[in-house]
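Worksheet: one structure, shown below.
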Amino acid sequence: METGNNKSQVSWRLVVVAVTLALALGACLGFVLAPVKTPGLSLVSDDSKEISTPTIKFLDPKRLPVTATLLSGGELAANGSGTITAYTCTPGDTIKSGTSFISLDGQPLLALHTEVPLWRDLQPDTNGVDVNALQAELQRLGYPVTPSGKWNQATSLALKQLWSKLGVRDTQSLPKMRLIWIPAVEVGVKACPSKLGTEIGAGTSVAAISDVISALKVDPVPDTVRMAVAGKAKVEIPPDGKITDSAFLAAFAATSSYLAWSENPESQQLNVTAELKDPLSAISVPAAALYGIDADTACVLSGKKAYRVRIVSSELGQTIVVAQGKSSGDSTLPKTVRVNPGKDAPPCAS
């Protein structure tokens, strides 16, 4: 009897082991045969899903060829004589209109750009084109002056404030001997021929400057009004394509593309970035959302409504489109689009 009990216990243990192995094998087979789910992905095809398409402002930036008209930089000369008591001229640096980089006998000289070179002392009761040019530059520098060619109280007050910034008190005029005229609102320094403590006379060179852009000529894009862009500076491109705005030209001259071009003008084309003055209302859609493509137009499906749109840009699988004419009753842009509309998608109106 004892031997039978032992055999019974052994048999029971074998059954338990067999069941355990079967369950484990079943679990393993289930794991192997079951489809693997990737986190974040649905097993149901999402090719036909609707996605949101918020409206964006599209500026359509383009790189347009441009031709630069250059003035020879040359030398900046002092109009008066004296001992140099301050001198911050540095090769590779810039001199900006409305600042001072040199003082004679303790008095700062004003570096100033005006469209008309200033040839005489300017003070109350003087009038003319040079006064108008001075007023225009004072206005550009931020002073509340309206160019009129006639000296007025606003002109005197603006000059007093400008001189005060340079450490000069109670000066409301512009003596020629205290002026260094510069051909642009900002000029690059090539060399500094003078030295601190040196006594100089009128006509002595106090800085050598790089060539200056006097104008840019752009070929305008037909039927669009565009803004030329250089850093934070923008200016509307006129119908004839000629840009002469001094502030913009100075900003353009400081761009890396212009500096690279100026090193070897013959080897590359000079370009300027131009964007729409009035941005377009547009949406960005996946390329797969477009169907019925004809040249630069296509259809997109939103719900059961088809819209005809115009393609204005495409990059990295995303296409920017704007409304094009009438589509299923209107020309507005849809708020959603079908990613893959399929072969049964309705046509859109032309």
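Going by the structure tokens order, chains are called A, B, ..., each with residues numbered from 1, while ligands are numbered from 1 in the order shown.
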
Problem - Long-range neighbours of range 224-229 of chain A as a list in words, 7 Å cut-off, only C-alpha atoms, 4 positions minimum in chain - result: Ala233, Lys234, Val235, Glu236, Ile237, Val272, Thr273, Ala274, Glu275, Leu276 and Lys277 of chain A

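Those residues that approach Arg308 in chain A to within 6 Å, counting only C-alpha atoms, are A:Ala298, A:Cys299, A:Gln324, A:Ser327, A:Cys348; same-chain residues fewer than 2 positions away are not listed.
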
Kindly assemble as a tab-separated table a list of the range 236-274 of chain A residues that lie within 12 Å of range 103-116 of chain A, each paired with its nearest atom pair and their distance in Å to one decimal, using only C-alpha atoms, sorted first by chain and then by ascending residue number.
```
residue	atom	partner	partner_atom	distance
A:Thr244	CA	A:Glu115	CA	10.5
A:Asp245	CA	A:Glu115	CA	10.3
A:Ser246	CA	A:Glu115	CA	8.7
A:Ala247	CA	A:His113	CA	10.6
A:Ala250	CA	A:His113	CA	11.5
```

Practice task
From the DSSP assignment of the backbone, select every residue of range 92-332 of chain A that is strand (DSSP E or B), and format the answer as an NGL selection string.
Solution key: :A and (94-96 or 99 or 102-104 or 107-108 or 110-112 or 122 or 127 or 150 or 174 or 179-181 or 186-191 or 199-200 or 205-209 or 212-218 or 226-230 or 233-236 or 242-243 or 271-276 or 280-286 or 291-294 or 297-302 or 305-315 or 318-323 or 327 or 330)

How would the residues just chosen look if you wrote them out with C-alpha atoms as a PDB file, in the first residue's frame?
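Result file is selection_30.pdb:
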```
ATOM      1  CA  THR A  94      31.314 100.985 -37.732  1.00  0.00           C
ATOM      2  CA  ILE A  95      30.618 104.693 -37.376  1.00  0.00           C
ATOM      3  CA  LYS A  96      26.948 105.553 -37.029  1.00  0.00           C
ATOM      4  CA  THR A  99      27.618 109.641 -32.773  1.00  0.00           C
ATOM      5  CA  ILE A 102      36.845 111.798 -32.092  1.00  0.00           C
ATOM      6  CA  SER A 103      37.248 114.975 -30.021  1.00  0.00           C
ATOM      7  CA  LEU A 104      39.471 117.982 -30.711  1.00  0.00           C
ATOM      8  CA  GLN A 107      35.109 119.025 -27.884  1.00  0.00           C
ATOM      9  CA  PRO A 108      33.385 116.059 -29.594  1.00  0.00           C
ATOM     10  CA  LEU A 110      29.621 114.959 -34.634  1.00  0.00           C
ATOM     11  CA  ALA A 111      29.586 112.244 -37.317  1.00  0.00           C
ATOM     12  CA  LEU A 112      26.400 112.891 -39.268  1.00  0.00           C
ATOM     13  CA  LEU A 122      23.823 125.750 -39.711  1.00  0.00           C
ATOM     14  CA  ASN A 127      17.172 128.037 -44.562  1.00  0.00           C
ATOM     15  CA  LYS A 150      13.273 126.387 -42.669  1.00  0.00           C
ATOM     16  CA  LEU A 174      25.792 122.912 -36.065  1.00  0.00           C
ATOM     17  CA  LEU A 179      30.976 118.197 -38.071  1.00  0.00           C
ATOM     18  CA  ILE A 180      32.285 115.096 -39.854  1.00  0.00           C
ATOM     19  CA  TRP A 181      29.937 114.298 -42.734  1.00  0.00           C
ATOM     20  CA  GLU A 186      26.429 103.685 -40.965  1.00  0.00           C
ATOM     21  CA  VAL A 187      29.875 103.224 -42.488  1.00  0.00           C
ATOM     22  CA  GLY A 188      32.490 100.527 -42.021  1.00  0.00           C
ATOM     23  CA  VAL A 189      35.968 101.495 -40.826  1.00  0.00           C
ATOM     24  CA  LYS A 190      38.935 100.223 -42.840  1.00  0.00           C
ATOM     25  CA  ALA A 191      41.751 102.165 -41.169  1.00  0.00           C
ATOM     26  CA  GLU A 199      47.694 117.841 -33.399  1.00  0.00           C
ATOM     27  CA  ILE A 200      45.876 117.938 -36.718  1.00  0.00           C
ATOM     28  CA  SER A 205      42.066 112.186 -42.527  1.00  0.00           C
ATOM     29  CA  VAL A 206      40.704 110.777 -39.278  1.00  0.00           C
ATOM     30  CA  ALA A 207      39.228 107.514 -40.679  1.00  0.00           C
ATOM     31  CA  ALA A 208      39.260 105.484 -43.886  1.00  0.00           C
ATOM     32  CA  ILE A 209      35.908 103.842 -44.663  1.00  0.00           C
ATOM     33  CA  VAL A 212      29.080 102.521 -49.339  1.00  0.00           C
ATOM     34  CA  ILE A 213      25.904 101.253 -51.004  1.00  0.00           C
ATOM     35  CA  SER A 214      24.065 104.204 -52.537  1.00  0.00           C
ATOM     36  CA  ALA A 215      21.262 102.156 -54.125  1.00  0.00           C
ATOM     37  CA  LEU A 216      19.954  98.640 -54.721  1.00  0.00           C
ATOM     38  CA  LYS A 217      18.128  97.646 -57.903  1.00  0.00           C
ATOM     39  CA  VAL A 218      15.690  94.737 -57.601  1.00  0.00           C
ATOM     40  CA  ARG A 226       6.840  93.256 -51.596  1.00  0.00           C
ATOM     41  CA  MET A 227       9.038  94.405 -48.746  1.00  0.00           C
ATOM     42  CA  ALA A 228      12.804  94.027 -48.937  1.00  0.00           C
ATOM     43  CA  VAL A 229      14.115  92.589 -45.660  1.00  0.00           C
ATOM     44  CA  ALA A 230      17.564  92.933 -44.071  1.00  0.00           C
ATOM     45  CA  ALA A 233      14.940  96.500 -41.385  1.00  0.00           C
ATOM     46  CA  LYS A 234      12.198  96.476 -44.021  1.00  0.00           C
ATOM     47  CA  VAL A 235      11.383  98.794 -46.907  1.00  0.00           C
ATOM     48  CA  GLU A 236       8.765  98.595 -49.631  1.00  0.00           C
ATOM     49  CA  LYS A 242      15.269 101.033 -56.951  1.00  0.00           C
ATOM     50  CA  ILE A 243      15.851 101.138 -53.186  1.00  0.00           C
ATOM     51  CA  ASN A 271      20.413  88.632 -53.500  1.00  0.00           C
ATOM     52  CA  VAL A 272      17.925  90.295 -51.205  1.00  0.00           C
ATOM     53  CA  THR A 273      15.091  88.663 -49.269  1.00  0.00           C
ATOM     54  CA  ALA A 274      11.670  89.987 -50.280  1.00  0.00           C
ATOM     55  CA  GLU A 275       8.328  89.116 -48.672  1.00  0.00           C
ATOM     56  CA  LEU A 276       4.738  90.112 -49.327  1.00  0.00           C
ATOM     57  CA  LEU A 280      -1.831  85.728 -47.553  1.00  0.00           C
ATOM     58  CA  SER A 281      -4.305  83.782 -45.430  1.00  0.00           C
ATOM     59  CA  ALA A 282      -3.244  80.174 -45.932  1.00  0.00           C
ATOM     60  CA  ILE A 283      -3.317  76.681 -44.439  1.00  0.00           C
ATOM     61  CA  SER A 284      -0.627  74.006 -44.298  1.00  0.00           C
ATOM     62  CA  VAL A 285      -1.725  70.505 -45.356  1.00  0.00           C
ATOM     63  CA  PRO A 286       0.049  67.155 -45.922  1.00  0.00           C
ATOM     64  CA  TYR A 291      -6.061  65.534 -55.195  1.00  0.00           C
ATOM     65  CA  GLY A 292      -7.222  66.700 -58.599  1.00  0.00           C
ATOM     66  CA  ILE A 293      -3.949  68.556 -59.004  1.00  0.00           C
ATOM     67  CA  ASP A 294      -3.789  70.798 -62.080  1.00  0.00           C
ATOM     68  CA  THR A 297      -4.207  74.260 -58.147  1.00  0.00           C
ATOM     69  CA  ALA A 298      -5.658  71.241 -56.364  1.00  0.00           C
ATOM     70  CA  CYS A 299      -8.601  70.000 -54.321  1.00  0.00           C
ATOM     71  CA  VAL A 300      -8.843  69.264 -50.604  1.00  0.00           C
ATOM     72  CA  LEU A 301     -11.721  67.503 -48.871  1.00  0.00           C
ATOM     73  CA  SER A 302     -13.244  68.690 -45.596  1.00  0.00           C
ATOM     74  CA  LYS A 305     -17.200  69.347 -49.110  1.00  0.00           C
ATOM     75  CA  ALA A 306     -14.441  69.776 -51.685  1.00  0.00           C
ATOM     76  CA  TYR A 307     -12.426  73.006 -51.872  1.00  0.00           C
ATOM     77  CA  ARG A 308     -10.249  74.202 -54.729  1.00  0.00           C
ATOM     78  CA  VAL A 309      -7.011  75.728 -53.488  1.00  0.00           C
ATOM     79  CA  ARG A 310      -3.871  77.242 -54.985  1.00  0.00           C
ATOM     80  CA  ILE A 311      -0.481  75.830 -54.040  1.00  0.00           C
ATOM     81  CA  VAL A 312       1.956  78.574 -52.993  1.00  0.00           C
ATOM     82  CA  SER A 313       4.731  76.594 -51.299  1.00  0.00           C
ATOM     83  CA  SER A 314       5.764  73.014 -50.589  1.00  0.00           C
ATOM     84  CA  GLU A 315       8.486  71.653 -48.324  1.00  0.00           C
ATOM     85  CA  GLN A 318       3.787  69.900 -46.139  1.00  0.00           C
ATOM     86  CA  THR A 319       2.067  72.108 -48.692  1.00  0.00           C
ATOM     87  CA  ILE A 320       0.884  75.655 -48.085  1.00  0.00           C
ATOM     88  CA  VAL A 321      -2.288  76.545 -49.972  1.00  0.00           C
ATOM     89  CA  VAL A 322      -4.614  79.532 -50.292  1.00  0.00           C
ATOM     90  CA  ALA A 323      -8.229  79.748 -51.429  1.00  0.00           C
ATOM     91  CA  SER A 327     -15.186  75.711 -54.538  1.00  0.00           C
ATOM     92  CA  ASP A 330     -17.514  79.409 -51.516  1.00  0.00           C
TER      93      ASP A 330
END
```

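What separates CA of Pro117 in chain A from CA of Ser257 in chain A is a distance of 29.5 Å.
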
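Separating CA of Pro193 in chain A from CA of Gly82 in chain A is a distance of 15.7 Å.
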
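Between CA of Pro220 in chain A and CA of Phe252 in chain A the separation is 17.5 Å.
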
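If you measure from each of A:Val129, A:Ala136, A:Leu118, A:Ala154 to Pro175 in chain A using only C-alpha atoms, the closest one turns out to be A:Leu118.
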
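Residue nearest Thr126 in chain A, chosen from A:Ser81, A:Ser256, A:Ser97, A:Ser173 and counting only C-alpha atoms: A:Ser173.
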
Problem - Best match for closeness to Trp163 in chain A among A:Gly231, A:Ala78, A:Thr55, A:Leu138, counting only C-alpha atoms - result: A:Leu138
